[in-house]
file model_32.csv (CSV, C-alpha atoms)
chain,number,residue,atom,x,y,z
A,1,MET,CA,95.9,-82.2,242.1
A,2,LYS,CA,95.8,-78.9,244.0
A,3,THR,CA,93.8,-77.3,241.1
A,4,LYS,CA,91.3,-80.1,241.2
A,5,PHE,CA,90.6,-79.6,244.9
A,6,LEU,CA,90.4,-75.9,244.3
A,7,ILE,CA,87.8,-76.4,241.5
A,8,LEU,CA,85.9,-78.8,243.7
A,9,GLY,CA,85.8,-76.4,246.6
A,10,LEU,CA,84.8,-73.4,244.5
A,11,SER,CA,82.1,-75.5,242.7
A,12,VAL,CA,80.6,-76.5,246.1
A,13,SER,CA,80.6,-72.9,247.2
A,14,LEU,CA,78.9,-71.8,244.0
A,15,VAL,CA,76.2,-74.5,244.3
A,16,PHE,CA,75.7,-73.3,247.9
A,17,CYS,CA,75.4,-69.7,246.8
A,18,LEU,CA,73.0,-70.5,244.0
A,19,THR,CA,70.8,-72.5,246.4
A,20,LEU,CA,70.9,-69.5,248.8
A,21,ILE,CA,69.9,-67.1,246.0
A,22,VAL,CA,67.0,-69.3,245.0
A,23,ALA,CA,65.8,-69.4,248.6
A,24,MET,CA,66.2,-65.7,249.0
A,25,LYS,CA,64.3,-65.1,245.8
A,26,LYS,CA,61.4,-67.1,247.2
A,27,MET,CA,61.5,-65.1,250.4
A,28,ILE,CA,61.5,-61.8,248.5
A,29,ASP,CA,58.5,-63.0,246.5
A,30,MET,CA,56.7,-63.9,249.7
A,31,ARG,CA,57.5,-60.5,251.3
A,32,ILE,CA,56.3,-58.8,248.2
A,33,GLY,CA,53.0,-60.7,248.5
A,34,GLN,CA,52.7,-59.8,252.2
A,35,LEU,CA,53.5,-56.2,251.4
A,36,GLN,CA,50.9,-56.0,248.7
A,37,SER,CA,48.2,-57.0,251.2
A,38,ASN,CA,49.8,-55.5,254.3
A,39,SER,CA,51.8,-52.4,253.4
A,40,ALA,CA,51.3,-48.8,254.4
A,41,SER,CA,50.2,-47.9,250.9
A,42,TYR,CA,47.7,-50.8,250.8
A,43,TYR,CA,46.0,-49.6,254.0
A,44,GLN,CA,46.3,-46.0,252.9
A,45,THR,CA,44.4,-47.0,249.7
A,46,ARG,CA,41.8,-48.8,251.7
A,47,LEU,CA,41.3,-45.8,253.9
A,48,GLU,CA,40.9,-43.6,250.8
A,49,GLU,CA,38.4,-46.0,249.5
A,50,ILE,CA,36.4,-45.9,252.7
A,51,SER,CA,36.6,-42.1,252.6
A,52,GLN,CA,35.0,-42.1,249.2
A,53,ILE,CA,32.3,-44.5,250.1
A,54,ARG,CA,31.1,-43.4,253.5
A,55,PRO,CA,29.9,-39.9,252.6
A,56,TYR,CA,27.3,-41.5,250.4
A,57,GLU,CA,26.2,-43.7,253.3
A,58,TRP,CA,26.0,-40.7,255.7
A,59,ILE,CA,24.1,-38.5,253.3
A,60,SER,CA,21.6,-41.2,252.4
A,61,GLU,CA,20.8,-42.2,256.0
A,62,GLY,CA,17.3,-41.3,257.0
A,63,TYR,CA,16.3,-40.5,253.4
A,64,ARG,CA,12.6,-41.1,252.6
A,65,LEU,CA,11.9,-42.5,249.2
A,66,SER,CA,8.9,-41.1,247.3
A,67,SER,CA,5.6,-42.9,247.9
A,68,ASP,CA,5.1,-42.8,244.1
A,69,LEU,CA,8.2,-44.8,243.4
A,70,GLU,CA,7.3,-47.7,241.1
A,71,VAL,CA,9.2,-50.9,240.5
A,72,THR,CA,8.7,-53.6,237.8
A,73,THR,CA,8.0,-57.1,238.9
A,74,ASP,CA,9.4,-60.3,237.3
A,75,ASN,CA,6.2,-60.4,235.2
A,76,ASP,CA,6.7,-56.9,233.9
A,77,ARG,CA,4.0,-55.5,236.1
A,78,GLN,CA,4.4,-52.0,237.6
A,79,VAL,CA,3.8,-51.9,241.4
A,80,LEU,CA,4.3,-49.2,244.0
A,81,LEU,CA,7.3,-49.8,246.2
A,82,LYS,CA,5.3,-48.9,249.3
A,83,ASP,CA,2.9,-51.7,248.5
A,84,ILE,CA,5.6,-54.3,248.8
A,85,ILE,CA,7.2,-53.0,252.0
A,86,LYS,CA,4.9,-54.0,254.8
A,87,VAL,CA,7.6,-54.6,257.5
A,88,PRO,CA,11.2,-53.3,257.9
A,89,THR,CA,12.9,-54.9,254.9
A,90,LEU,CA,16.5,-55.4,253.8
A,91,ILE,CA,17.0,-54.1,250.3
A,92,TYR,CA,19.9,-55.4,248.2
A,93,ARG,CA,20.5,-52.9,245.5
A,94,PHE,CA,22.3,-54.3,242.5
A,95,THR,CA,23.8,-51.6,240.3
A,96,ASP,CA,25.0,-52.1,236.8
A,97,THR,CA,28.2,-54.1,236.6
A,98,ASN,CA,29.9,-55.9,233.8
A,99,CYS,CA,31.2,-58.5,236.2
A,100,LYS,CA,28.8,-61.5,236.2
A,101,GLY,CA,31.1,-63.3,238.8
A,102,CYS,CA,30.7,-60.3,241.2
A,103,ILE,CA,26.9,-60.5,240.9
A,104,GLU,CA,27.0,-64.3,241.5
A,105,ASN,CA,29.3,-63.9,244.5
A,106,ARG,CA,27.1,-61.3,246.1
A,107,PHE,CA,24.0,-63.2,245.4
A,108,MET,CA,25.4,-66.4,246.9
A,109,LEU,CA,26.5,-64.5,250.0
A,110,LEU,CA,22.9,-63.5,250.5
A,111,GLN,CA,21.7,-67.0,249.9
A,112,LYS,CA,24.3,-68.4,252.4
A,113,GLU,CA,23.3,-66.0,255.1
A,114,ASN,CA,19.6,-66.7,254.6
A,115,ARG,CA,19.2,-70.3,253.6
A,116,ASP,CA,15.5,-70.3,254.4
A,117,VAL,CA,14.8,-67.3,252.1
A,118,PRO,CA,13.2,-64.9,254.4
A,119,GLU,CA,10.2,-62.9,253.4
A,120,ASN,CA,11.7,-59.6,254.2
A,121,ILE,CA,14.6,-59.3,251.7
A,122,VAL,CA,14.0,-57.6,248.4
A,123,ILE,CA,16.4,-57.3,245.6
A,124,LEU,CA,16.2,-54.1,243.5
A,125,CYS,CA,18.2,-54.4,240.3
A,126,THR,CA,18.8,-52.6,237.1
A,127,PRO,CA,17.3,-54.0,233.9
A,128,SER,CA,20.7,-55.3,232.8
A,129,THR,CA,21.4,-57.2,236.0
A,130,MET,CA,17.8,-58.7,236.2
A,131,ARG,CA,18.5,-61.4,233.6
A,132,VAL,CA,21.6,-62.7,235.5
A,133,LEU,CA,19.8,-62.6,238.8
A,134,ARG,CA,16.7,-64.4,237.4
A,135,ILE,CA,18.9,-67.2,236.2
A,136,LEU,CA,20.7,-67.4,239.5
A,137,ASN,CA,17.4,-67.5,241.3
A,138,ASN,CA,16.3,-70.4,239.1
A,139,VAL,CA,19.5,-72.3,239.1
A,140,HIS,CA,19.8,-72.3,242.9
A,141,GLY,CA,16.1,-72.9,243.4
A,142,LEU,CA,15.8,-69.6,245.4
A,143,LYS,CA,12.8,-67.3,245.8
A,144,PHE,CA,14.3,-63.9,246.3
A,145,LYS,CA,11.9,-61.2,245.3
A,146,LEU,CA,13.4,-59.4,242.3
A,147,TYR,CA,12.2,-56.0,241.1
A,148,ILE,CA,13.6,-53.8,238.4
A,149,LEU,CA,14.3,-50.2,239.3
A,150,SER,CA,16.5,-48.3,236.8
A,151,THR,CA,17.4,-45.3,239.0
A,152,MET,CA,16.6,-44.4,242.5
A,153,ASP,CA,16.5,-41.0,244.1
A,154,LEU,CA,19.0,-41.9,246.7
A,155,PRO,CA,22.4,-40.1,246.8
A,156,ILE,CA,24.2,-43.4,247.3
A,157,ASP,CA,22.7,-44.7,244.0
A,158,GLN,CA,25.0,-42.2,242.1
A,159,GLN,CA,28.0,-44.3,242.9
A,160,HIS,CA,28.7,-47.6,241.1
A,161,ASN,CA,28.8,-50.1,243.9
A,162,SER,CA,26.0,-52.4,245.0
A,163,TYR,CA,24.7,-51.7,248.5
A,164,PHE,CA,22.4,-52.8,251.2
A,165,PHE,CA,20.0,-50.8,253.3
A,166,VAL,CA,17.0,-51.3,255.6
A,167,ILE,CA,13.7,-49.7,254.5
A,168,HIS,CA,10.7,-49.1,256.7
A,169,PRO,CA,7.0,-49.2,255.7
A,170,ASP,CA,7.0,-45.4,255.6
A,171,LEU,CA,9.9,-45.7,253.1
A,172,THR,CA,12.6,-44.2,255.3
A,173,SER,CA,16.0,-45.8,254.7
A,174,HIS,CA,18.6,-46.6,257.2
A,175,SER,CA,21.7,-48.7,257.8
A,176,PHE,CA,23.4,-48.3,254.4
A,177,PHE,CA,26.3,-50.4,253.6
A,178,THR,CA,28.2,-50.3,250.4
A,179,ILE,CA,29.7,-53.5,249.0
A,180,THR,CA,33.2,-53.3,247.4
A,181,GLU,CA,36.0,-55.7,247.3
A,182,GLU,CA,37.6,-54.1,250.3
A,183,THR,CA,35.0,-52.5,252.5
A,184,SER,CA,35.9,-52.1,256.1
A,185,LEU,CA,33.0,-54.1,257.3
A,186,LYS,CA,32.5,-57.3,255.5
A,187,ALA,CA,29.1,-58.0,253.9
A,188,ALA,CA,28.5,-61.2,255.9
A,189,GLN,CA,29.1,-59.2,259.1
A,190,TYR,CA,26.7,-56.6,258.0
A,191,LEU,CA,24.0,-59.2,257.3
A,192,SER,CA,24.4,-60.7,260.7
A,193,ILE,CA,24.1,-57.2,262.3
A,194,VAL,CA,20.9,-56.2,260.4
A,195,LYS,CA,19.3,-59.6,261.0
A,196,ASN,CA,17.7,-58.3,264.2
A,197,LYS,CA,16.6,-55.1,262.6
A,198,VAL,CA,14.6,-56.9,259.9
A,199,ASN,CA,13.8,-60.0,262.0
A,200,MET,CA,15.4,-62.3,259.5
A,201,LYS,CA,15.1,-66.0,260.0
B,1,MET,CA,95.4,-78.1,232.1
B,2,LYS,CA,94.0,-75.3,230.0
B,3,THR,CA,90.4,-76.4,230.7
B,4,GLU,CA,91.0,-76.4,234.4
B,5,LYS,CA,92.3,-72.9,234.1
B,6,TYR,CA,89.2,-71.7,232.4
B,7,ILE,CA,87.0,-73.5,234.9
B,8,LEU,CA,88.9,-71.7,237.7
B,9,TYR,CA,88.5,-68.3,236.0
B,10,GLY,CA,84.8,-69.0,235.6
B,11,LEU,CA,84.4,-69.9,239.2
B,12,TYR,CA,86.4,-66.9,240.4
B,13,THR,CA,84.1,-64.6,238.4
B,14,ALA,CA,80.8,-66.4,239.3
B,15,LEU,CA,81.4,-66.5,243.1
B,16,PRO,CA,81.8,-62.8,243.6
B,17,CYS,CA,78.7,-62.2,241.4
B,18,CYS,CA,76.8,-64.6,243.6
B,19,LEU,CA,78.0,-62.9,246.8
B,20,ILE,CA,77.0,-59.5,245.5
B,21,ALA,CA,73.5,-60.9,244.6
B,22,ILE,CA,73.2,-62.4,248.1
B,23,ILE,CA,74.1,-59.1,249.7
B,24,THR,CA,71.6,-57.2,247.5
B,25,MET,CA,68.8,-59.7,248.2
B,26,SER,CA,69.4,-59.7,251.9
B,27,MET,CA,69.2,-55.9,251.9
B,28,THR,CA,66.0,-56.0,250.0
B,29,ILE,CA,64.5,-58.6,252.4
B,30,ARG,CA,65.5,-56.4,255.3
B,31,GLN,CA,63.9,-53.4,253.8
B,32,TYR,CA,60.6,-55.2,253.0
B,33,THR,CA,60.5,-56.7,256.5
B,34,ARG,CA,61.1,-53.2,258.0
B,35,GLU,CA,58.3,-51.8,255.9
B,36,LEU,CA,56.0,-54.6,256.8
B,37,HIS,CA,56.4,-53.9,260.5
B,38,SER,CA,56.7,-50.1,260.3
B,39,ASP,CA,54.7,-47.8,262.6
B,40,LYS,CA,52.9,-46.5,259.5
B,41,VAL,CA,51.4,-49.9,258.7
B,42,PHE,CA,50.4,-50.4,262.3
B,43,PHE,CA,48.9,-46.9,262.4
B,44,TYR,CA,46.7,-47.4,259.2
B,45,LYS,CA,45.8,-50.9,260.2
B,46,GLU,CA,44.6,-49.8,263.6
B,47,ILE,CA,42.5,-47.0,262.1
B,48,ILE,CA,40.8,-49.4,259.6
B,49,GLU,CA,40.2,-52.0,262.3
B,50,ASN,CA,38.6,-49.3,264.5
B,51,ILE,CA,36.4,-48.0,261.7
B,52,SER,CA,35.3,-51.5,260.9
B,53,TYR,CA,34.5,-52.3,264.5
B,54,LEU,CA,32.7,-49.1,265.3
B,55,GLN,CA,30.8,-49.1,261.9
B,56,SER,CA,28.9,-52.1,263.0
B,57,TYR,CA,27.6,-50.3,266.0
B,58,GLU,CA,26.8,-47.2,263.9
B,59,ILE,CA,24.7,-49.5,261.7
B,60,ILE,CA,22.8,-50.9,264.6
B,61,SER,CA,22.3,-47.4,266.0
B,62,ASN,CA,21.0,-45.9,262.8
B,63,GLY,CA,17.3,-45.3,262.9
B,64,TYR,CA,17.1,-45.5,266.7
B,65,GLN,CA,14.2,-43.4,268.1
B,66,LEU,CA,14.6,-41.8,271.5
B,67,PRO,CA,11.5,-41.9,273.8
B,68,ALA,CA,9.2,-38.9,273.6
B,69,ASP,CA,9.7,-38.2,277.3
B,70,PHE,CA,13.5,-38.0,277.0
B,71,MET,CA,14.7,-35.1,279.1
B,72,VAL,CA,17.9,-33.0,279.0
B,73,THR,CA,19.3,-30.3,281.3
B,74,THR,CA,19.9,-26.9,279.8
B,75,GLU,CA,22.9,-24.7,280.5
B,76,GLU,CA,20.7,-22.9,283.0
B,77,GLY,CA,20.1,-26.1,284.9
B,78,GLN,CA,16.5,-26.6,283.8
B,79,GLN,CA,15.1,-30.0,282.9
B,80,VAL,CA,13.3,-29.9,279.5
B,81,PHE,CA,11.8,-32.4,277.1
B,82,LEU,CA,14.2,-33.0,274.2
B,83,LYS,CA,11.3,-32.9,271.7
B,84,ASP,CA,10.6,-29.3,272.8
B,85,VAL,CA,14.1,-28.1,271.8
B,86,ILE,CA,14.5,-29.9,268.5
B,87,ASP,CA,12.5,-28.2,265.8
B,88,ALA,CA,14.5,-29.3,262.7
B,89,PRO,CA,17.1,-32.0,261.9
B,90,VAL,CA,20.2,-31.1,263.7
B,91,LEU,CA,23.7,-32.6,264.3
B,92,VAL,CA,24.5,-33.8,267.8
B,93,TYR,CA,27.9,-34.1,269.2
B,94,ARG,CA,27.8,-36.7,272.0
B,95,PHE,CA,30.7,-36.8,274.6
B,96,THR,CA,31.0,-37.9,278.2
B,97,GLU,CA,33.2,-37.3,281.2
B,98,GLU,CA,34.5,-40.9,281.0
B,99,GLN,CA,36.0,-40.4,277.5
B,100,CYS,CA,39.6,-39.4,277.1
B,101,ILE,CA,39.8,-35.6,277.3
B,102,ASP,CA,42.0,-35.4,274.1
B,103,CYS,CA,39.4,-37.4,272.1
B,104,VAL,CA,36.6,-35.0,273.3
B,105,GLU,CA,38.6,-31.8,272.8
B,106,GLN,CA,39.8,-32.7,269.3
B,107,GLN,CA,36.3,-32.1,268.0
B,108,PHE,CA,36.1,-28.8,269.9
B,109,LYS,CA,39.3,-27.7,268.1
B,110,ILE,CA,37.6,-28.5,264.8
B,111,PHE,CA,34.5,-26.6,265.8
B,112,SER,CA,36.6,-23.6,266.6
B,113,SER,CA,39.0,-23.7,263.6
B,114,GLU,CA,36.7,-24.9,260.8
B,115,GLN,CA,33.5,-22.9,261.4
B,116,GLN,CA,32.9,-22.2,257.7
B,117,ASN,CA,33.0,-25.9,256.8
B,118,ILE,CA,30.9,-27.5,259.5
B,119,PRO,CA,27.1,-27.3,260.3
B,120,GLN,CA,26.2,-24.2,262.2
B,121,ASN,CA,23.5,-25.8,264.3
B,122,ILE,CA,25.4,-28.5,266.1
B,123,ILE,CA,24.2,-29.2,269.6
B,124,LEU,CA,26.4,-30.6,272.3
B,125,TRP,CA,25.3,-33.5,274.5
B,126,GLY,CA,27.6,-34.1,277.3
B,127,SER,CA,27.3,-36.4,280.2
B,128,TYR,CA,29.0,-34.6,283.1
B,129,SER,CA,28.5,-34.4,286.8
B,130,ASN,CA,27.9,-30.7,286.4
B,131,ILE,CA,26.8,-28.7,283.3
B,132,ARG,CA,29.4,-26.1,284.3
B,133,LYS,CA,32.2,-28.5,283.1
B,134,ILE,CA,30.7,-28.5,279.6
B,135,LYS,CA,30.6,-24.7,279.7
B,136,VAL,CA,34.3,-24.6,280.7
B,137,ILE,CA,35.3,-26.7,277.6
B,138,LYS,CA,33.1,-24.5,275.4
B,139,ASN,CA,34.7,-21.4,276.7
B,140,THR,CA,38.2,-22.8,276.4
B,141,PHE,CA,37.7,-23.4,272.7
B,142,GLY,CA,35.5,-20.4,272.0
B,143,VAL,CA,32.6,-22.6,270.9
B,144,ASP,CA,29.1,-21.1,271.0
B,145,PHE,CA,26.9,-24.1,270.3
B,146,ARG,CA,23.9,-24.9,272.5
B,147,SER,CA,24.8,-27.6,275.0
B,148,TYR,CA,22.8,-29.9,277.2
B,149,ASN,CA,23.7,-32.3,280.0
B,150,VAL,CA,22.3,-35.7,279.2
B,151,GLY,CA,22.3,-38.9,281.1
B,152,LYS,CA,22.9,-42.3,279.7
B,153,ILE,CA,21.4,-42.9,276.3
B,154,ASP,CA,20.1,-46.3,275.2
B,155,ILE,CA,21.9,-46.0,271.9
B,156,PRO,CA,24.2,-49.0,271.2
B,157,LEU,CA,27.1,-46.7,270.3
B,158,ASP,CA,26.9,-44.9,273.7
B,159,LYS,CA,28.6,-47.7,275.5
B,160,PHE,CA,31.9,-47.0,273.9
B,161,LEU,CA,34.5,-44.6,275.1
B,162,ASN,CA,34.6,-42.6,271.9
B,163,PRO,CA,32.8,-39.4,271.2
B,164,PHE,CA,30.4,-39.6,268.3
B,165,PHE,CA,28.0,-37.6,266.1
B,166,PHE,CA,24.5,-38.2,264.8
B,167,VAL,CA,21.6,-36.4,263.2
B,168,ILE,CA,18.4,-36.1,265.2
B,169,THR,CA,15.0,-35.1,263.8
B,170,PRO,CA,12.1,-33.5,265.5
B,171,ASP,CA,10.4,-36.9,265.9
B,172,LEU,CA,13.6,-37.9,267.8
B,173,THR,CA,14.9,-40.4,265.2
B,174,CYS,CA,18.7,-40.6,265.2
B,175,TYR,CA,20.7,-41.5,262.2
B,176,SER,CA,24.0,-40.9,260.3
B,177,PHE,CA,26.0,-42.0,263.2
B,178,PHE,CA,29.7,-41.4,263.1
B,179,THR,CA,32.4,-42.2,265.7
B,180,ALA,CA,35.2,-39.7,265.9
B,181,ILE,CA,38.5,-41.5,266.0
B,182,LYS,CA,41.3,-39.4,267.4
B,183,GLU,CA,43.9,-40.8,265.0
B,184,ASN,CA,41.8,-39.9,262.0
B,185,PRO,CA,40.7,-36.3,262.2
B,186,ALA,CA,40.5,-36.1,258.4
B,187,MET,CA,37.5,-38.5,258.5
B,188,THR,CA,35.8,-36.4,261.1
B,189,MET,CA,36.2,-33.3,258.9
B,190,LEU,CA,34.8,-35.3,255.9
B,191,TYR,CA,31.8,-36.3,258.0
B,192,LEU,CA,31.1,-32.8,259.2
B,193,THR,CA,31.3,-31.3,255.7
B,194,THR,CA,29.1,-34.1,254.3
B,195,ILE,CA,26.5,-33.5,257.1
B,196,LYS,CA,26.6,-29.8,256.5
B,197,THR,CA,25.6,-30.4,252.9
B,198,LYS,CA,22.9,-32.9,254.0
B,199,LEU,CA,21.4,-30.5,256.5
B,200,GLU,CA,21.5,-27.6,254.1
B,201,ASP,CA,19.9,-29.5,251.2
B,202,LYS,CA,16.2,-29.5,251.5
B,203,ASN,CA,15.8,-32.3,249.0
B,204,ILE,CA,17.9,-34.6,251.0
B,205,ASN,CA,16.1,-34.0,254.2
call {"tool": "encode", "arguments": {"input": "model_32.csv", "output": "structure tokens"}}
result
Amino acid sequence: MKTKFLILGLSVSLVFCLTLIVAMKKMIDMRIGQLQSNSASYYQTRLEEISQIRPYEWISEGYRLSSDLEVTTDNDRQVLLKDIIKVPTLIYRFTDTNCKGCIENRFMLLQKENRDVPENIVILCTPSTMRVLRILNNVHGLKFKLYILSTMDLPIDQQHNSYFFVIHPDLTSHSFFTITEETSLKAAQYLSIVKNKVNMK
Amino acid sequence: MKTEKYILYGLYTALPCCLIAIITMSMTIRQYTRELHSDKVFFYKEIIENISYLQSYEIISNGYQLPADFMVTTEEGQQVFLKDVIDAPVLVYRFTEEQCIDCVEQQFKIFSSEQQNIPQNIILWGSYSNIRKIKVIKNTFGVDFRSYNVGKIDIPLDKFLNPFFFVITPDLTCYSFFTAIKENPAMTMLYLTTIKTKLEDKNIN
């Protein structure tokens, strides 16, 4: 009789301990998740990423693009960039990327911020991204002006992230902002800031 | 009777194992929690938040053009037109009397210790009740850059209590703004070396 009570007592304790272990395991998983997005190394990595990106932005600021720079229109026609920039314009430069989802995300962000499709946004893309953007433009019934430009003589164009900047009719470029997964200033915030600069709707 | 004995042995073995597991796991949770709330996390988080906040004002300020009649006071106390003293793109260090002295002086320490790696044509724009106060800071750190006393500037970044840098061209256009954050001198150094390259590279200008 005594042994049976002992077994019962120990079994209850064991069940309690196992339940506690399961709960603690869940808590550890949660903490690991929090640490992945909130640890010192996470912020350190973000800071390093910012340190890699920002020099390109600083060095490209104030850069004046060549007045001979030609872009290719949707209809394969060559036009001078200076002929399409009549007012301060926001340029969205799509660089080559294998991630179609990334292109779509960035494109939709622009669409979300500018539902009325303002006149003064121009998308400059590489030949390989043009096809995807053209489809997105058609699927979503949008009218963003798309132009192909393989390479640009801007220091920031050497890096592999897409970026925004404001270009003036004299082709000087300002307010560069690189888009990465973890840029310090979010793209939507950037768009709201430059709205006044390019008089977006 | 024999079965009960085995069950008892099993339970006697399983329970200590569980207790050891619980102790180990609680120690792990404690360690993770400590790391999550460590000063280091707070430190990095604050720097990134500051960069993000100030970057938006840097973006607004980029491309700002100062009026052609903008005047500055020279070290000799003379009022001159800014356009008359800027003949090439030059880096400006902007600081004011209201800013924390440590924040202002940190850049002077860099000017003094990193002369080889920073632009040589920096000009100093202070906002002080007397130009002599700017000279005192320069002398303290042995910095020989030209300095001017400048009033309030209508640049969005100027309303903050952080010293900042920017490049100004002869047509008084200001760009490449960068706010110096005291906690992150490495970024300031990175900015200065980048701008040195920019100002020295004729193709970039």
call {"tool": "atom_distance", "arguments": {"input": "model_32.csv", "atom1": "CA of Met30 in chain A", "atom2": "CA of Tyr42 in chain A"}}
result
15.9 Å
call {"tool": "residues_around", "arguments": {"input": "model_32.csv", "residues": "range 87-93 of chain A", "least_positions_apart": "6", "cutoff": "8 Å", "atoms": "only C-alpha atoms", "output": "list of chain:residue names"}}
result
A:Asn120, A:Ile121, A:Val122, A:Ile123, A:Leu124, A:Cys125, A:Ser162, A:Tyr163, A:Phe164, A:Phe165, A:Val166, A:Ile167, A:His168, A:Pro169, A:Val194, A:Lys197, A:Val198
call {"tool": "interface_residues", "arguments": {"input": "model_32.csv", "of": "chain B", "to": "chain A", "cutoff": "8 Å", "atoms": "all atoms listed in the file", "output": "short mmCIF file (atom, residue, chain, number, x, y, z; two decimals) with C-alpha atoms, keeping the file's coordinate frame"}}
result
data_model
loop_
_atom_site.label_atom_id
_atom_site.label_comp_id
_atom_site.auth_asym_id
_atom_site.auth_seq_id
_atom_site.Cartn_x
_atom_site.Cartn_y
_atom_site.Cartn_z
CA GLU B 4 91.00 -76.40 234.40
CA ILE B 7 87.00 -73.50 234.90
CA LEU B 8 88.90 -71.70 237.70
CA LEU B 11 84.40 -69.90 239.20
CA TYR B 12 86.40 -66.90 240.40
CA ALA B 14 80.80 -66.40 239.30
CA LEU B 15 81.40 -66.50 243.10
CA CYS B 18 76.80 -64.60 243.60
CA LEU B 19 78.00 -62.90 246.80
CA ALA B 21 73.50 -60.90 244.60
CA ILE B 22 73.20 -62.40 248.10
CA MET B 25 68.80 -59.70 248.20
CA SER B 26 69.40 -59.70 251.90
CA THR B 28 66.00 -56.00 250.00
CA ILE B 29 64.50 -58.60 252.40
CA TYR B 32 60.60 -55.20 253.00
CA THR B 33 60.50 -56.70 256.50
CA GLU B 35 58.30 -51.80 255.90
CA LEU B 36 56.00 -54.60 256.80
CA LYS B 40 52.90 -46.50 259.50
CA VAL B 41 51.40 -49.90 258.70
CA TYR B 44 46.70 -47.40 259.20
CA LYS B 45 45.80 -50.90 260.20
CA ILE B 48 40.80 -49.40 259.60
CA GLU B 49 40.20 -52.00 262.30
CA ILE B 51 36.40 -48.00 261.70
CA SER B 52 35.30 -51.50 260.90
CA TYR B 53 34.50 -52.30 264.50
CA GLN B 55 30.80 -49.10 261.90
CA SER B 56 28.90 -52.10 263.00
CA ILE B 59 24.70 -49.50 261.70
CA ILE B 60 22.80 -50.90 264.60
CA ASN B 62 21.00 -45.90 262.80
CA GLY B 63 17.30 -45.30 262.90
CA TYR B 175 20.70 -41.50 262.20
CA SER B 176 24.00 -40.90 260.30
CA PHE B 177 26.00 -42.00 263.20
CA MET B 187 37.50 -38.50 258.50
CA LEU B 190 34.80 -35.30 255.90
CA TYR B 191 31.80 -36.30 258.00
CA THR B 194 29.10 -34.10 254.30
CA ILE B 195 26.50 -33.50 257.10
CA LYS B 198 22.90 -32.90 254.00
CA ILE B 204 17.90 -34.60 251.00
CA ASN B 205 16.10 -34.00 254.20
#
call {"tool": "atom_distance", "arguments": {"input": "model_32.csv", "atom1": "CA of Phe144 in chain A", "atom2": "CA of Gln111 in chain A"}}
result
8.8 Å
call {"tool": "atom_distance", "arguments": {"input": "model_32.csv", "atom1": "CA of Met71 in chain B", "atom2": "CA of Glu200 in chain B"}}
result
27.0 Å
call {"tool": "residues_around", "arguments": {"input": "model_32.csv", "residues": "Ile155 in chain B", "least_positions_apart": "6", "cutoff": "10 Å", "atoms": "all atoms listed in the file", "output": "PyMOL selection string"}}
result
chain B and resi 57-58+60-62+64-66+174
call {"tool": "residues_around", "arguments": {"input": "model_32.csv", "residues": "Val80 in chain B", "least_positions_apart": "3", "cutoff": "12 Å", "atoms": "all atoms listed in the file", "output": "MDAnalysis selection string"}}
result
chainID B and resid 68:77 83:86 148:150
call {"tool": "closest_residue", "arguments": {"input": "model_32.csv", "among": "A:Thr95, A:Ile53, A:Val12, A:Asp83", "to": "Met152 in chain A", "atoms": "only C-alpha atoms"}}
result
A:Thr95
call {"tool": "residues_around", "arguments": {"input": "model_32.csv", "residues": "Gln115 in chain B", "least_positions_apart": "3", "cutoff": "12 Å", "atoms": "all atoms listed in the file", "output": "short mmCIF file (atom, residue, chain, number, x, y, z; two decimals) with C-alpha atoms, in the frame of the given file"}}
result
data_model
loop_
_atom_site.label_atom_id
_atom_site.label_comp_id
_atom_site.auth_asym_id
_atom_site.auth_seq_id
_atom_site.Cartn_x
_atom_site.Cartn_y
_atom_site.Cartn_z
CA GLN B 107 36.30 -32.10 268.00
CA PHE B 108 36.10 -28.80 269.90
CA LYS B 109 39.30 -27.70 268.10
CA ILE B 110 37.60 -28.50 264.80
CA PHE B 111 34.50 -26.60 265.80
CA SER B 112 36.60 -23.60 266.60
CA ILE B 118 30.90 -27.50 259.50
CA PRO B 119 27.10 -27.30 260.30
CA GLN B 120 26.20 -24.20 262.20
CA ASN B 121 23.50 -25.80 264.30
CA ILE B 122 25.40 -28.50 266.10
CA GLY B 142 35.50 -20.40 272.00
CA VAL B 143 32.60 -22.60 270.90
CA ASP B 144 29.10 -21.10 271.00
CA PHE B 145 26.90 -24.10 270.30
CA MET B 189 36.20 -33.30 258.90
CA LEU B 192 31.10 -32.80 259.20
CA THR B 193 31.30 -31.30 255.70
CA LYS B 196 26.60 -29.80 256.50
#
call {"tool": "residues_around", "arguments": {"input": "model_32.csv", "residues": "Arg134 in chain A", "least_positions_apart": "2", "cutoff": "10 Å", "atoms": "only C-alpha atoms", "output": "PyMOL selection string"}}
result
chain A and resi 74+129-132+136-139+142-146
call {"tool": "write_last_selection", "arguments": {"input": "model_32.csv", "atoms": "C-alpha atoms", "output": "short mmCIF file (atom, residue, chain, number, x, y, z; two decimals), in the frame of the given file"}}
result
data_model
loop_
_atom_site.label_atom_id
_atom_site.label_comp_id
_atom_site.auth_asym_id
_atom_site.auth_seq_id
_atom_site.Cartn_x
_atom_site.Cartn_y
_atom_site.Cartn_z
CA ASP A 74 9.40 -60.30 237.30
CA THR A 129 21.40 -57.20 236.00
CA MET A 130 17.80 -58.70 236.20
CA ARG A 131 18.50 -61.40 233.60
CA VAL A 132 21.60 -62.70 235.50
CA LEU A 136 20.70 -67.40 239.50
CA ASN A 137 17.40 -67.50 241.30
CA ASN A 138 16.30 -70.40 239.10
CA VAL A 139 19.50 -72.30 239.10
CA LEU A 142 15.80 -69.60 245.40
CA LYS A 143 12.80 -67.30 245.80
CA PHE A 144 14.30 -63.90 246.30
CA LYS A 145 11.90 -61.20 245.30
CA LEU A 146 13.40 -59.40 242.30
#
